[in-house]
Amino acid sequence: MNKATSSSTTGSCTLVGAGPGDPELLTLKAVKAIQAATVLLVDDLVSENILASYARPDARIVHVGKRGGCKSTPQAFIERLMITAVREGETVVRLKGGDPFIFGRGGEEVEHLREAGIECTVVNGITAGLAAVTSLGVPLTHRDHAQGVVFVTGHAKTGAGAAEDPTDWRALAATAHSARLTLVIYMGVAGAGHIERELLHGLPGDTPVAVVQHASLPHQRHVATTLGRLQAGIAEAGIASPAVIVVGDVLRGLAAAALPADANRFGT
């Protein structure tokens with residue numbers, strides 16, 4: 001397969017992490033990239049306030065959302081848009097919620113750009129899993145409770161290889177228990193029942209859990225529960241996607257359990 005050379009392009013492309021939603025959690029580098037962009041390809045979870053505050057008035061904004069259970073923009077189409085815009089001389093920003101390299105398909109997009117002879121800059125963003133626990137006033141790691149953290153998707157791979165490569169929740173639970181790890185599960189609300197049943201093979205039922213919806217935003221909500229009541233707690237609190245599930249002993253004695261369910265520590 002012949003590859004185009006980088007000299008054939010006159011534009012540029014930057015993958016930018018927009019963070020969990022609060023515009024004040026953007027990095028300075030992210031703000032500069034957004035302000036310079038002539039074309040922005042924007043995910044659904046990116047706050048409109050970010051675009052209103054920092055996108056230039058003449059920038060072309062293309063919404064290319066990918067949400068579970070909703071009509072999604074095909075990944076191949078997004079990648080073609082990026083390559084075409086760069087070759088047309090545009091300053092392209094692919095704006096993603098959270099961090100581009102944590103469940104954001106940033107790795108796939110960088111690979112396709114390189115195959116087309118286009119080098120891409122990546123600007124990290126604060127991932128929702130970090131923002132979620134911070135908003136509750138607890139850490140992901142703690143010398144007394146957790147020696148590490150695992151970020152994992154609760155939305156299994158789809159397609160031809162899905163059946164052969166499912167998430168081994170039982171092995172993950174056993175490792176988390178023996179190594180004292182915090183589990184941060186993205187896109188897990190829809191499969192919460194299955195995740196609960198599988199994790200209970202390796203973790204006690206009273207392992208504390210927090211589920212945080214819309215982390216860092218004014219309308220953030222959460223529920224504090226236990227692993228044995230994960231699915232029930234989500235249903236009772238009416239928590240829905242986008243949400244992050246946090247499992248582990250760092251949540252023991254969670255002060256946030258006494259906070260209103262719509263409280264967060266980032267402010268507005």
# chains A, B, ... in the order shown; residues from 1 in each chain; ligands from 1
$ residues_around --residues "Gly129 (chain A)" --least-positions-apart "6" --cutoff "10 Å" --atoms "only C-alpha atoms" --output "PyMOL selection string"
chain A and resi 20+98+102+140+151+183-186+212+215+243-246
$ select_by_dssp --residues "region 92-259 of chain A" --states "helix (DSSP H, G or I)" --output "ChimeraX atom specification"
/A:106-115,128-135,169-179,192-199,227-237,249-251,255-258
$ residues_around --residues "Gly21 (chain A)" --least-positions-apart "5" --cutoff "9 Å" --atoms "only C-alpha atoms" --output "tab-separated table (two decimals) with N, CA and C atoms, in the first residue's frame"
chain	number	residue	atom	x	y	z
A	26	LEU	N	-9.96	22.46	31.23
A	26	LEU	CA	-9.14	22.37	30.03
A	26	LEU	C	-7.70	22.77	30.34
A	45	LEU	N	-19.79	14.25	23.85
A	45	LEU	CA	-19.59	14.54	25.27
A	45	LEU	C	-18.81	15.83	25.52
A	46	VAL	N	-18.45	16.54	24.48
A	46	VAL	CA	-17.76	17.82	24.65
A	46	VAL	C	-18.79	18.90	24.98
A	47	SER	N	-18.52	19.65	26.03
A	47	SER	CA	-19.44	20.69	26.46
A	47	SER	C	-19.57	21.79	25.40
A	48	GLU	N	-20.79	22.21	25.15
A	48	GLU	CA	-21.03	23.31	24.21
A	48	GLU	C	-20.41	24.61	24.73
A	49	ASN	N	-20.26	24.71	26.05
A	49	ASN	CA	-19.63	25.90	26.62
A	49	ASN	C	-18.18	26.04	26.18
A	50	ILE	N	-17.52	24.92	25.96
A	50	ILE	CA	-16.13	24.96	25.49
A	50	ILE	C	-16.06	25.55	24.10
A	97	GLY	N	-14.09	14.15	24.34
A	97	GLY	CA	-14.33	14.22	25.77
A	97	GLY	C	-13.24	13.48	26.52
A	98	GLY	N	-12.89	13.97	27.71
A	98	GLY	CA	-11.88	13.30	28.51
A	98	GLY	C	-10.50	13.40	27.90
A	128	ALA	N	-12.52	11.31	32.63
A	128	ALA	CA	-13.70	11.33	33.50
A	128	ALA	C	-13.52	10.50	34.76
A	214	HIS	N	-22.20	12.49	34.72
A	214	HIS	CA	-21.88	13.87	34.33
A	214	HIS	C	-20.81	14.48	35.24
A	215	ALA	N	-19.71	13.76	35.41
A	215	ALA	CA	-18.64	14.22	36.31
A	215	ALA	C	-18.17	15.61	35.94
A	216	SER	N	-18.04	16.46	36.94
A	216	SER	CA	-17.50	17.83	36.89
A	216	SER	C	-18.50	18.87	36.42
A	217	LEU	N	-19.66	18.47	35.94
A	217	LEU	CA	-20.64	19.43	35.43
A	217	LEU	C	-21.61	19.85	36.54
$ residues_around --residues "region 28-35 of chain A" --least-positions-apart "6" --cutoff "7 Å" --atoms "only C-alpha atoms" --output "list in words"
Val16, Tyr54, Ala55, Arg56, Val93 and Val123 of chain A
$ atom_distance --atom1 "CA of Val152 (chain A)" --atom2 "CA of Gly191 (chain A)"
13.1 Å
$ residues_around --residues "Ala235 (chain A)" --least-positions-apart "2" --cutoff "12 Å" --atoms "only C-alpha atoms" --output "VMD selection string"
chain A and resid 189 to 190 192 to 193 211 222 to 223 225 229 to 233 237 to 240
$ write_last_selection --atoms "C-alpha atoms" --output "CSV table (one decimal), in the first residue's frame"
chain,number,residue,atom,x,y,z
A,189,VAL,CA,-24.0,1.3,33.3
A,190,ALA,CA,-25.9,-0.7,30.7
A,192,ALA,CA,-24.0,-3.2,35.4
A,193,GLY,CA,-25.8,-6.4,36.3
A,211,VAL,CA,-21.3,5.7,40.3
A,222,HIS,CA,-23.8,10.1,42.0
A,223,VAL,CA,-24.8,7.2,44.1
A,225,THR,CA,-23.4,1.8,47.3
A,229,ARG,CA,-26.0,-3.7,45.2
A,230,LEU,CA,-24.4,-2.1,42.1
A,231,GLN,CA,-27.3,-2.7,39.7
A,232,ALA,CA,-30.0,-2.0,42.3
A,233,GLY,CA,-28.2,1.2,43.4
A,237,ALA,CA,-30.9,6.5,42.0
A,238,GLY,CA,-31.9,6.8,38.3
A,239,ILE,CA,-28.3,7.0,37.2
A,240,ALA,CA,-27.7,6.8,33.4
$ residues_around --residues "region 145-150 of chain A" --least-positions-apart "3" --cutoff "9 Å" --atoms "only C-alpha atoms" --output "ChimeraX atom specification"
/A:140-142,176,179-185,248-252
$ write_last_selection --atoms "N, CA, C and O atoms" --output "mmCIF file, in the first residue's frame"
data_model
loop_
_atom_site.group_PDB
_atom_site.id
_atom_site.type_symbol
_atom_site.label_atom_id
_atom_site.label_comp_id
_atom_site.auth_asym_id
_atom_site.auth_seq_id
_atom_site.Cartn_x
_atom_site.Cartn_y
_atom_site.Cartn_z
ATOM 1 N N LEU A 140 -7.912 8.058 43.854
ATOM 2 C CA LEU A 140 -7.907 6.766 43.174
ATOM 3 C C LEU A 140 -6.920 5.805 43.827
ATOM 4 O O LEU A 140 -7.113 4.588 43.793
ATOM 5 N N THR A 141 -5.855 6.348 44.394
ATOM 6 C CA THR A 141 -4.874 5.527 45.102
ATOM 7 C C THR A 141 -4.672 6.101 46.508
ATOM 8 O O THR A 141 -4.857 7.296 46.735
ATOM 9 N N HIS A 142 -4.291 5.217 47.427
ATOM 10 C CA HIS A 142 -4.090 5.623 48.815
ATOM 11 C C HIS A 142 -3.165 4.589 49.449
ATOM 12 O O HIS A 142 -3.362 3.379 49.255
ATOM 13 N N ALA A 176 -7.614 -7.398 41.480
ATOM 14 C CA ALA A 176 -7.883 -6.174 42.244
ATOM 15 C C ALA A 176 -7.901 -6.459 43.740
ATOM 16 O O ALA A 176 -7.414 -5.661 44.551
ATOM 17 N N ALA A 179 -4.112 -7.480 44.823
ATOM 18 C CA ALA A 179 -3.131 -6.401 44.643
ATOM 19 C C ALA A 179 -3.607 -5.063 45.182
ATOM 20 O O ALA A 179 -2.893 -4.075 45.076
ATOM 21 N N ARG A 180 -4.807 -5.039 45.725
ATOM 22 C CA ARG A 180 -5.396 -3.807 46.279
ATOM 23 C C ARG A 180 -5.433 -2.701 45.234
ATOM 24 O O ARG A 180 -4.745 -1.686 45.325
ATOM 25 N N LEU A 181 -6.270 -2.911 44.236
ATOM 26 C CA LEU A 181 -6.401 -1.976 43.130
ATOM 27 C C LEU A 181 -7.791 -1.358 43.120
ATOM 28 O O LEU A 181 -8.782 -2.008 43.453
ATOM 29 N N THR A 182 -7.864 -0.111 42.702
ATOM 30 C CA THR A 182 -9.143 0.546 42.427
ATOM 31 C C THR A 182 -9.528 0.262 40.990
ATOM 32 O O THR A 182 -8.695 0.364 40.080
ATOM 33 N N LEU A 183 -10.783 -0.097 40.759
ATOM 34 C CA LEU A 183 -11.284 -0.304 39.398
ATOM 35 C C LEU A 183 -12.109 0.907 38.987
ATOM 36 O O LEU A 183 -13.011 1.333 39.715
ATOM 37 N N VAL A 184 -11.804 1.451 37.821
ATOM 38 C CA VAL A 184 -12.579 2.554 37.258
ATOM 39 C C VAL A 184 -13.161 2.051 35.946
ATOM 40 O O VAL A 184 -12.427 1.774 34.997
ATOM 41 N N ILE A 185 -14.475 1.918 35.903
ATOM 42 C CA ILE A 185 -15.156 1.284 34.774
ATOM 43 C C ILE A 185 -15.917 2.342 33.980
ATOM 44 O O ILE A 185 -16.832 2.984 34.497
ATOM 45 N N GLY A 248 -13.780 -0.016 44.919
ATOM 46 C CA GLY A 248 -12.565 -0.211 45.693
ATOM 47 C C GLY A 248 -12.599 0.385 47.083
ATOM 48 O O GLY A 248 -13.472 1.197 47.421
ATOM 49 N N ASP A 249 -11.628 -0.016 47.892
ATOM 50 C CA ASP A 249 -11.592 0.387 49.295
ATOM 51 C C ASP A 249 -11.255 1.855 49.510
ATOM 52 O O ASP A 249 -11.409 2.353 50.626
ATOM 53 N N VAL A 250 -10.789 2.565 48.472
ATOM 54 C CA VAL A 250 -10.568 4.010 48.635
ATOM 55 C C VAL A 250 -11.874 4.729 48.958
ATOM 56 O O VAL A 250 -11.866 5.851 49.462
ATOM 57 N N LEU A 251 -12.999 4.063 48.687
ATOM 58 C CA LEU A 251 -14.305 4.683 48.913
ATOM 59 C C LEU A 251 -14.870 4.402 50.299
ATOM 60 O O LEU A 251 -15.951 4.888 50.626
ATOM 61 N N ARG A 252 -14.151 3.613 51.095
ATOM 62 C CA ARG A 252 -14.683 3.301 52.437
ATOM 63 C C ARG A 252 -14.794 4.582 53.273
ATOM 64 O O ARG A 252 -13.883 5.391 53.327
#
$ decode --residues "region 213-227 of chain A" --atoms "N, CA, C and O atoms" --output "PDB file, in the first residue's frame"
ATOM      1  N   GLN A 213     -22.399  10.277  37.498  1.00  0.00           N
ATOM      2  CA  GLN A 213     -22.920  10.688  36.197  1.00  0.00           C
ATOM      3  C   GLN A 213     -22.588  12.161  35.957  1.00  0.00           C
ATOM      4  O   GLN A 213     -22.670  12.983  36.870  1.00  0.00           O
ATOM      5  N   HIS A 214     -22.205  12.491  34.722  1.00  0.00           N
ATOM      6  CA  HIS A 214     -21.885  13.872  34.331  1.00  0.00           C
ATOM      7  C   HIS A 214     -20.807  14.478  35.238  1.00  0.00           C
ATOM      8  O   HIS A 214     -20.967  15.590  35.767  1.00  0.00           O
ATOM      9  N   ALA A 215     -19.711  13.758  35.414  1.00  0.00           N
ATOM     10  CA  ALA A 215     -18.643  14.221  36.308  1.00  0.00           C
ATOM     11  C   ALA A 215     -18.171  15.611  35.943  1.00  0.00           C
ATOM     12  O   ALA A 215     -17.958  15.921  34.771  1.00  0.00           O
ATOM     13  N   SER A 216     -18.035  16.458  36.941  1.00  0.00           N
ATOM     14  CA  SER A 216     -17.499  17.830  36.886  1.00  0.00           C
ATOM     15  C   SER A 216     -18.499  18.872  36.422  1.00  0.00           C
ATOM     16  O   SER A 216     -18.215  20.072  36.507  1.00  0.00           O
ATOM     17  N   LEU A 217     -19.655  18.467  35.944  1.00  0.00           N
ATOM     18  CA  LEU A 217     -20.645  19.426  35.434  1.00  0.00           C
ATOM     19  C   LEU A 217     -21.609  19.853  36.544  1.00  0.00           C
ATOM     20  O   LEU A 217     -21.782  19.137  37.539  1.00  0.00           O
ATOM     21  N   PRO A 218     -22.271  20.993  36.385  1.00  0.00           N
ATOM     22  CA  PRO A 218     -23.196  21.456  37.431  1.00  0.00           C
ATOM     23  C   PRO A 218     -24.311  20.458  37.738  1.00  0.00           C
ATOM     24  O   PRO A 218     -24.813  20.416  38.871  1.00  0.00           O
ATOM     25  N   HIS A 219     -24.712  19.653  36.750  1.00  0.00           N
ATOM     26  CA  HIS A 219     -25.792  18.695  36.971  1.00  0.00           C
ATOM     27  C   HIS A 219     -25.254  17.293  37.317  1.00  0.00           C
ATOM     28  O   HIS A 219     -25.959  16.291  37.156  1.00  0.00           O
ATOM     29  N   GLN A 220     -24.013  17.226  37.807  1.00  0.00           N
ATOM     30  CA  GLN A 220     -23.448  15.942  38.242  1.00  0.00           C
ATOM     31  C   GLN A 220     -24.347  15.295  39.286  1.00  0.00           C
ATOM     32  O   GLN A 220     -24.903  15.947  40.162  1.00  0.00           O
ATOM     33  N   ARG A 221     -24.462  13.958  39.193  1.00  0.00           N
ATOM     34  CA  ARG A 221     -25.188  13.168  40.194  1.00  0.00           C
ATOM     35  C   ARG A 221     -24.354  11.943  40.525  1.00  0.00           C
ATOM     36  O   ARG A 221     -23.545  11.505  39.710  1.00  0.00           O
ATOM     37  N   HIS A 222     -24.559  11.358  41.715  1.00  0.00           N
ATOM     38  CA  HIS A 222     -23.833  10.142  42.041  1.00  0.00           C
ATOM     39  C   HIS A 222     -24.646   9.294  43.005  1.00  0.00           C
ATOM     40  O   HIS A 222     -25.586   9.773  43.658  1.00  0.00           O
ATOM     41  N   VAL A 223     -24.266   8.044  43.098  1.00  0.00           N
ATOM     42  CA  VAL A 223     -24.809   7.161  44.118  1.00  0.00           C
ATOM     43  C   VAL A 223     -23.638   6.408  44.735  1.00  0.00           C
ATOM     44  O   VAL A 223     -22.725   5.969  44.035  1.00  0.00           O
ATOM     45  N   ALA A 224     -23.619   6.297  46.060  1.00  0.00           N
ATOM     46  CA  ALA A 224     -22.640   5.497  46.783  1.00  0.00           C
ATOM     47  C   ALA A 224     -23.333   4.239  47.272  1.00  0.00           C
ATOM     48  O   ALA A 224     -24.375   4.305  47.935  1.00  0.00           O
ATOM     49  N   THR A 225     -22.772   3.070  46.938  1.00  0.00           N
ATOM     50  CA  THR A 225     -23.409   1.811  47.270  1.00  0.00           C
ATOM     51  C   THR A 225     -22.331   0.752  47.486  1.00  0.00           C
ATOM     52  O   THR A 225     -21.184   1.090  47.782  1.00  0.00           O
ATOM     53  N   THR A 226     -22.687  -0.503  47.368  1.00  0.00           N
ATOM     54  CA  THR A 226     -21.721  -1.592  47.473  1.00  0.00           C
ATOM     55  C   THR A 226     -21.786  -2.438  46.208  1.00  0.00           C
ATOM     56  O   THR A 226     -22.755  -2.365  45.440  1.00  0.00           O
ATOM     57  N   LEU A 227     -20.756  -3.262  46.022  1.00  0.00           N
ATOM     58  CA  LEU A 227     -20.715  -4.083  44.817  1.00  0.00           C
ATOM     59  C   LEU A 227     -21.916  -5.011  44.732  1.00  0.00           C
ATOM     60  O   LEU A 227     -22.481  -5.222  43.654  1.00  0.00           O
TER      61      LEU A 227
END
